Amino acid sequence: MALFEAQHLHKRFGDQVVLEEINLSFEAGQLSGIMGPNGAGKTTCFNLLTGLYKPDRGQITFGTENITGLPPHTIAQKGIARSFQIINLFDEYSVLENVVIALPRVRDHGFTCHRALTNDSETADRAANVLAQVGLAGREHENAADLSYGDRRALEIALAIAAEPRLLFLDEPTSGVGTEGTARLTELIESLKERYTIVIIEHDMRFLFEVADRISVIHWGQVIAEGTPDELRTNKWVQASNLGKLV
Amino acid sequence: MTPTTDGGRLITGPMLILFAALVTLPFWVQSVGLYQYLGVEVAIWMIYALGFNLLLGYGGLPSFGHGAFLGVGAYAFGLAQFHVLENLWVGLLAAILVGIVAGGIVGLFLAHRRGIYFALLTVAFGQVFWFVSLKWFSVTGGEDGLLGIPRPSADFGLVEFDLSSNLSLYYFTLAVLMIVVVALWRLVHSPFGKVVRAIKQNETRASFLGYNVRLYKWAVFTLSATTAALAGGLFAMAQQSAFPDVMNLVSSGTIVMMVLIGGGFVSFWGPVIGVTVFFVARDVIGSITETWLLWFGLMFMLSVLFKPEGVAGLWQDSSGESPA
């Protein structure tokens with residue numbers, strides 16, 4: 001049984017249908033990819049899956065639970081974390097504080113008022129451990145706003161994995177990073193793949209075909225093809241779309 | 001997150017300096033040309049401003065109607081004295097409880113708003129409270145307000161302090177201020193305080209990390225309103241009256257100016273500095289010219305234009321300290 005399933009999802013904005021009859025299924029332990037050209041509806045789909053938008057029709061299940069229409073914070077509490085295409089950090093906080101806020105042990109005691117968070121060395125250790133995983137060890141006390149773009153991208157992922165998710169959604173993780181940055185992210189995601197079930201939305205086909213176990217192709221608001229990278233290379237629908245040239 | 005930072009301590013150096021200055025205030029205040037009662041006013045407004053900054057500086061939620069809660073606390077204290085029991089603790093408890101209820105109800109309407117919509121709603125609610133205080137004559141006394149509110153003594157069981165003199169009231173108010181300072185310092189460095197600051201920086205991200213943003217915003221608004229109501233209870237004691245003026249738009253704007261000029265956005269101590277600057281401006285510039293508020297307004301404008309981080313920001317620039 002799939003860890004996460006979306007069935008018959010439909011979303012429209014005004015009179016424009018953005019997604020129609022979207023069916024997606026992500027298996028535990030796999031890295032699944034969602035790809036498609038600009039304007040295909042990938043980001044809207046991602047936002048539906050993670051709770052930013054409510055679908056007009058359809059159902060989303062996580063494990064055995066129906067999570068359709070639940071607010072983002074409830075979905076996150078159930079073990080789904082996400083990163084963002086446009087970097088979304090706490091810029092007044094240090095690198096370490098960013099990760100601390102993302103830890104479930106802090107979230108679960110978020111209304112605690114009587115003890116100082118600064119005295120909790122175990123929390124700091126856990127956050128430092130997450131930072132080491134994304135290659136930001138030793139940068140704990142730098143301001144998040146002062147990091148380079150590539151390091152901010154790594155911190156963006158650190159926040160998502162700090163939440164100790166059962167399912168990790170990464171929204172265009174290579175967006176805006178150069179060749180060197182993409183190589184670093186490929187290495188990072190390969191290492192994360194061993195520990196998390198991951199779904200990546202991505203426009204960089206080469207990157208996605210390198211890391212993904214299965215890929216769903218969205219075009220014209222619909223899933224036009226699904227399969228392993230090798231299967232998709234020969235898929236007639238992918239070839240017929242302008243994506244064929246890229247894969 | 002380093003254990004050596006001030007955030008982990010319950011009592012800090014700046015706190016001790018502030019407390020030492022305020023404890024000794026009655027001994028030197030007259031020698032600098034000021035008067036005893038000023039200390040009472042300053043302590044009450046510091047409580048109010050520190051609570052307000054929890055909302056503005058830490059939560060990033062601009063309220064322009066917070067005077068409503070100061071007034072609500074003042075009326076609750078007075079009405080409790082007149083109609084329940086003439087007792088200090090009953091009065092202060094009434095102010096706090098009414099602050100929780102009023103803040104909690106208003107907060108329900110505000111917690112899902114941000115930016116200009118949040119600000120405008122606070123103005124609207126502030127005006128509603130002010131209007132009710134003016135028109136509900138049988139309860140609030142209308143434009144005259146509640147007059148002759150008693151100052152009950154502070155009864156601790158074994159020992160009782162008479163608060164009828166301004167000096168004894170000052171020390172009582174100062175004790176409350178000290179408790180508020182320590183409690184809020186701990187609060188802003190607790191997980192709750194850190195989450196509230198995170199929500200101020202990035203609501204969307206906080207939500208996707210599993211934080212119920214509306215609930216946190218509601219909680220911080222209610223806490224801030226409750227602190228204002230506590231200050232209002234003390235205000236009613238000090239003035240021995242409660243009246244609608246403290247709830248009007250000008251009064252609500254004054255607390256915003258105090259906090260911003262002091263540097264509430266960059267420092268826990270910003271509101272304390274801002275209140276001091278305001279009262280010094282009122283009483284020192286006010287002794288020279290009746291147009292002191294014009295000069296204070298100009299100071300505020302200069303601060304917004306050239307140093308939005310206020311006096312605390314200037315201090316941090318010159319000392320190289322990082323924001324606290």
# chains A, B, ... in the order shown; residues from 1 in each chain; ligands from 1

$ select_by_dssp --residues "region 145-226 of chain A" --states "strand (DSSP E)" --output "MDAnalysis selection string"
chainID A and resid 167:171 197:202 214:219 222:226

$ interface_residues --of "chain B" --to "chain A" --cutoff "8 Å" --atoms "only C-alpha atoms" --output "PDB file with C-alpha atoms, in the first residue's frame"
ATOM      1  CA  MET B   1      21.355  28.685  21.996  1.00  0.00           C
ATOM      2  CA  THR B   2      24.596  29.024  23.940  1.00  0.00           C
ATOM      3  CA  PRO B   3      23.926  28.528  27.654  1.00  0.00           C
ATOM      4  CA  THR B   5      23.753  34.135  26.913  1.00  0.00           C
ATOM      5  CA  GLY B   7      18.419  34.736  27.611  1.00  0.00           C
ATOM      6  CA  GLY B   8      18.965  31.691  29.791  1.00  0.00           C
ATOM      7  CA  ARG B   9      19.159  33.708  33.004  1.00  0.00           C
ATOM      8  CA  ARG B 186      11.635  34.466  30.629  1.00  0.00           C
ATOM      9  CA  LEU B 187       8.630  34.319  28.293  1.00  0.00           C
ATOM     10  CA  HIS B 189      13.299  33.418  25.693  1.00  0.00           C
ATOM     11  CA  SER B 190      11.050  30.400  26.231  1.00  0.00           C
ATOM     12  CA  PRO B 191       9.913  28.094  23.411  1.00  0.00           C
ATOM     13  CA  PHE B 192       6.691  30.163  23.241  1.00  0.00           C
ATOM     14  CA  GLY B 193       8.590  33.425  22.785  1.00  0.00           C
ATOM     15  CA  LYS B 194      10.850  31.928  20.127  1.00  0.00           C
ATOM     16  CA  VAL B 195       7.875  30.555  18.207  1.00  0.00           C
ATOM     17  CA  ALA B 198       9.425  32.943  14.245  1.00  0.00           C
ATOM     18  CA  GLN B 201       9.369  36.520  10.575  1.00  0.00           C
ATOM     19  CA  ASN B 202       7.628  33.935   8.433  1.00  0.00           C
ATOM     20  CA  ARG B 205       7.004  28.589   7.161  1.00  0.00           C
ATOM     21  CA  SER B 207       2.651  26.910   9.727  1.00  0.00           C
ATOM     22  CA  PHE B 208       4.356  24.277   7.547  1.00  0.00           C
ATOM     23  CA  LEU B 209       6.530  23.319  10.507  1.00  0.00           C
ATOM     24  CA  GLY B 210       3.393  22.364  12.403  1.00  0.00           C
ATOM     25  CA  TYR B 211       2.679  25.515  14.401  1.00  0.00           C
ATOM     26  CA  ASN B 212      -0.921  26.599  14.715  1.00  0.00           C
TER      27      ASN B 212
END

$ select_by_dssp --residues "region 73-303 of chain B" --states "helix (DSSP H, G or I)" --output "VMD selection string"
chain B and resid 73 to 83 88 to 110 115 to 135 137 to 140 142 to 144 166 to 188 191 to 201 203 to 208 213 to 239 244 to 247 249 to 262 270 to 288 292 to 303

$ residues_around --residues "region 278-281 of chain B" --least-positions-apart "2" --cutoff "8 Å" --atoms "only C-alpha atoms" --output "PyMOL selection string"
chain B and resi 42+258+274-276+283-286+292+296

$ write_last_selection --atoms "all heavy atoms" --output "tab-separated table (two decimals), in the first residue's frame"
chain	number	residue	atom	x	y	z
B	42	VAL	N	5.58	56.21	35.63
B	42	VAL	CA	6.59	55.55	34.80
B	42	VAL	C	6.50	54.03	34.97
B	42	VAL	O	6.51	53.28	33.99
B	42	VAL	CB	8.01	56.07	35.16
B	42	VAL	CG1	9.09	55.15	34.61
B	42	VAL	CG2	8.20	57.48	34.63
B	258	MET	N	5.86	55.35	22.08
B	258	MET	CA	6.82	55.07	23.15
B	258	MET	C	7.68	53.85	22.80
B	258	MET	O	8.90	53.88	22.92
B	258	MET	CB	6.08	54.76	24.46
B	258	MET	CG	5.50	55.94	25.17
B	258	MET	SD	4.66	55.30	26.64
B	258	MET	CE	3.98	56.80	27.32
B	274	GLY	N	11.68	53.82	25.95
B	274	GLY	CA	10.67	54.68	25.33
B	274	GLY	C	9.79	55.39	26.35
B	274	GLY	O	9.49	56.58	26.20
B	275	VAL	N	9.37	54.66	27.37
B	275	VAL	CA	8.54	55.27	28.43
B	275	VAL	C	9.33	56.36	29.15
B	275	VAL	O	8.82	57.46	29.41
B	275	VAL	CB	8.05	54.18	29.43
B	275	VAL	CG1	7.42	54.81	30.65
B	275	VAL	CG2	7.06	53.24	28.74
B	276	THR	N	10.60	56.07	29.42
B	276	THR	CA	11.44	57.06	30.10
B	276	THR	C	11.59	58.32	29.25
B	276	THR	O	11.42	59.43	29.74
B	276	THR	CB	12.84	56.44	30.39
B	276	THR	OG1	12.65	55.19	31.04
B	276	THR	CG2	13.69	57.35	31.26
B	283	ASP	N	7.86	66.06	31.04
B	283	ASP	CA	8.06	66.87	32.23
B	283	ASP	C	9.22	67.85	32.11
B	283	ASP	O	9.20	68.90	32.76
B	283	ASP	CB	8.25	65.95	33.45
B	283	ASP	CG	6.91	65.34	33.84
B	283	ASP	OD1	5.89	65.71	33.24
B	283	ASP	OD2	6.88	64.48	34.73
B	284	VAL	N	10.24	67.50	31.30
B	284	VAL	CA	11.36	68.43	31.16
B	284	VAL	C	11.06	69.44	30.05
B	284	VAL	O	11.09	70.65	30.28
B	284	VAL	CB	12.68	67.66	30.89
B	284	VAL	CG1	13.81	68.64	30.62
B	284	VAL	CG2	13.01	66.76	32.07
B	285	ILE	N	10.73	68.91	28.84
B	285	ILE	CA	10.39	69.86	27.76
B	285	ILE	C	9.10	70.59	28.13
B	285	ILE	O	8.94	71.78	27.87
B	285	ILE	CB	10.25	69.13	26.41
B	285	ILE	CG1	11.53	68.36	26.07
B	285	ILE	CG2	9.95	70.12	25.29
B	285	ILE	CD1	11.46	67.52	24.79
B	286	GLY	N	8.18	69.84	28.80
B	286	GLY	CA	6.91	70.44	29.20
B	286	GLY	C	7.06	71.57	30.20
B	286	GLY	O	6.18	72.45	30.29
B	292	TRP	N	5.23	70.61	24.19
B	292	TRP	CA	6.17	69.50	24.34
B	292	TRP	C	5.82	68.30	23.44
B	292	TRP	O	6.69	67.63	22.93
B	292	TRP	CB	6.26	69.05	25.80
B	292	TRP	CG	5.02	68.37	26.28
B	292	TRP	CD1	3.93	68.95	26.84
B	292	TRP	CD2	4.74	66.97	26.22
B	292	TRP	NE1	2.97	68.01	27.12
B	292	TRP	CE2	3.45	66.78	26.75
B	292	TRP	CE3	5.44	65.86	25.77
B	292	TRP	CZ2	2.85	65.53	26.84
B	292	TRP	CZ3	4.85	64.61	25.86
B	292	TRP	CH2	3.57	64.46	26.40
B	296	PHE	N	8.03	66.04	21.01
B	296	PHE	CA	8.10	64.58	21.11
B	296	PHE	C	7.71	63.94	19.77
B	296	PHE	O	8.33	62.99	19.32
B	296	PHE	CB	7.19	64.07	22.23
B	296	PHE	CG	7.29	62.58	22.43
B	296	PHE	CD1	8.39	62.02	23.07
B	296	PHE	CD2	6.30	61.72	21.96
B	296	PHE	CE1	8.50	60.64	23.23
B	296	PHE	CE2	6.39	60.35	22.12
B	296	PHE	CZ	7.50	59.80	22.76

$ residues_around --residues "Gly181 (chain A)" --least-positions-apart "4" --cutoff "7 Å" --atoms "only C-alpha atoms" --output "PDB file with N, CA and C atoms, in the first residue's frame"
ATOM      1  N   GLY A 150      23.414  29.171  -2.007  1.00  0.00           N
ATOM      2  CA  GLY A 150      23.508  27.709  -1.923  1.00  0.00           C
ATOM      3  C   GLY A 150      23.344  27.210  -0.492  1.00  0.00           C
ATOM      4  N   VAL A 177      20.328  27.495  -8.119  1.00  0.00           N
ATOM      5  CA  VAL A 177      21.719  27.135  -7.804  1.00  0.00           C
ATOM      6  C   VAL A 177      22.429  26.715  -9.097  1.00  0.00           C
ATOM      7  N   LEU A 185      23.719  19.408  -4.082  1.00  0.00           N
ATOM      8  CA  LEU A 185      22.362  19.001  -3.686  1.00  0.00           C
ATOM      9  C   LEU A 185      22.074  17.555  -4.081  1.00  0.00           C
TER      10      LEU A 185
END

$ closest_atom_pairs --of "region 3-68 of chain B" --to "region 160-169 of chain B" --cutoff "12 Å" --atoms "only C-alpha atoms" --output "CSV"
residue,atom,partner,partner_atom,distance
B:Val23,CA,B:Leu167,CA,11.0
B:Thr24,CA,B:Leu167,CA,11.6
B:Leu25,CA,B:Leu167,CA,10.2
B:Pro26,CA,B:Leu167,CA,7.4
B:Phe27,CA,B:Leu167,CA,10.6
B:Val29,CA,B:Leu167,CA,11.8
B:Tyr35,CA,B:Asn166,CA,10.3
B:Gln36,CA,B:Leu167,CA,6.9
B:Tyr37,CA,B:Asn166,CA,6.0
B:Leu38,CA,B:Asn166,CA,9.5
B:Gly39,CA,B:Leu167,CA,8.8
B:Val40,CA,B:Leu169,CA,7.1
B:Glu41,CA,B:Asn166,CA,10.4
B:Ala43,CA,B:Leu169,CA,10.5
B:Ile44,CA,B:Leu169,CA,10.8

$ residues_around --residues "Pro55 (chain A)" --least-positions-apart "4" --cutoff "9 Å" --atoms "only C-alpha atoms" --output "number ranges by chain"
A: 9-12, 48-49, 51, 59, 68-69

$ write_last_selection --atoms "N, CA, C and O atoms" --output "CSV table (one decimal), in the first residue's frame"
chain,number,residue,atom,x,y,z
A,9,LEU,N,-7.9,14.5,-7.9
A,9,LEU,CA,-7.8,15.9,-7.4
A,9,LEU,C,-8.1,16.8,-8.5
A,9,LEU,O,-7.7,16.6,-9.7
A,10,HIS,N,-8.9,17.8,-8.1
A,10,HIS,CA,-9.3,18.8,-9.1
A,10,HIS,C,-9.2,20.2,-8.5
A,10,HIS,O,-9.6,20.4,-7.3
A,11,LYS,N,-8.6,21.1,-9.2
A,11,LYS,CA,-8.5,22.5,-8.7
A,11,LYS,C,-8.7,23.5,-9.8
A,11,LYS,O,-8.1,23.4,-10.8
A,12,ARG,N,-9.5,24.5,-9.5
A,12,ARG,CA,-9.7,25.6,-10.4
A,12,ARG,C,-9.6,26.9,-9.7
A,12,ARG,O,-9.9,27.0,-8.5
A,48,LEU,N,-1.5,21.7,-3.1
A,48,LEU,CA,-2.6,20.9,-2.7
A,48,LEU,C,-2.2,19.7,-1.8
A,48,LEU,O,-2.9,19.4,-0.8
A,49,LEU,N,-1.1,19.1,-2.2
A,49,LEU,CA,-0.7,17.9,-1.5
A,49,LEU,C,-0.3,18.2,-0.1
A,49,LEU,O,-0.4,17.4,0.9
A,51,GLY,N,-1.3,21.0,1.7
A,51,GLY,CA,-2.3,21.7,2.5
A,51,GLY,C,-2.4,23.2,2.3
A,51,GLY,O,-3.3,23.8,2.9
A,59,GLN,N,-9.5,13.3,-3.1
A,59,GLN,CA,-9.1,12.9,-1.8
A,59,GLN,C,-7.6,12.6,-1.7
A,59,GLN,O,-7.0,12.1,-2.6
A,68,THR,N,-7.4,15.2,3.4
A,68,THR,CA,-7.9,16.2,2.4
A,68,THR,C,-8.4,17.5,3.2
A,68,THR,O,-9.2,17.4,4.1
A,69,GLY,N,-7.9,18.6,2.7
A,69,GLY,CA,-8.5,19.9,3.3
A,69,GLY,C,-8.0,20.3,4.7
A,69,GLY,O,-8.4,21.3,5.2

$ closest_residue --among "A:Ile22, A:Glu65, A:Leu31, A:Ala40" --to "His219 (chain A)" --atoms "only C-alpha atoms"
A:Ala40

$ residues_around --residues "Gly78 (chain B)" --least-positions-apart "2" --cutoff "8 Å" --atoms "only C-alpha atoms" --output "ChimeraX atom specification"
/B:74-76,80-82,91,146,149-150,233,236,241-242
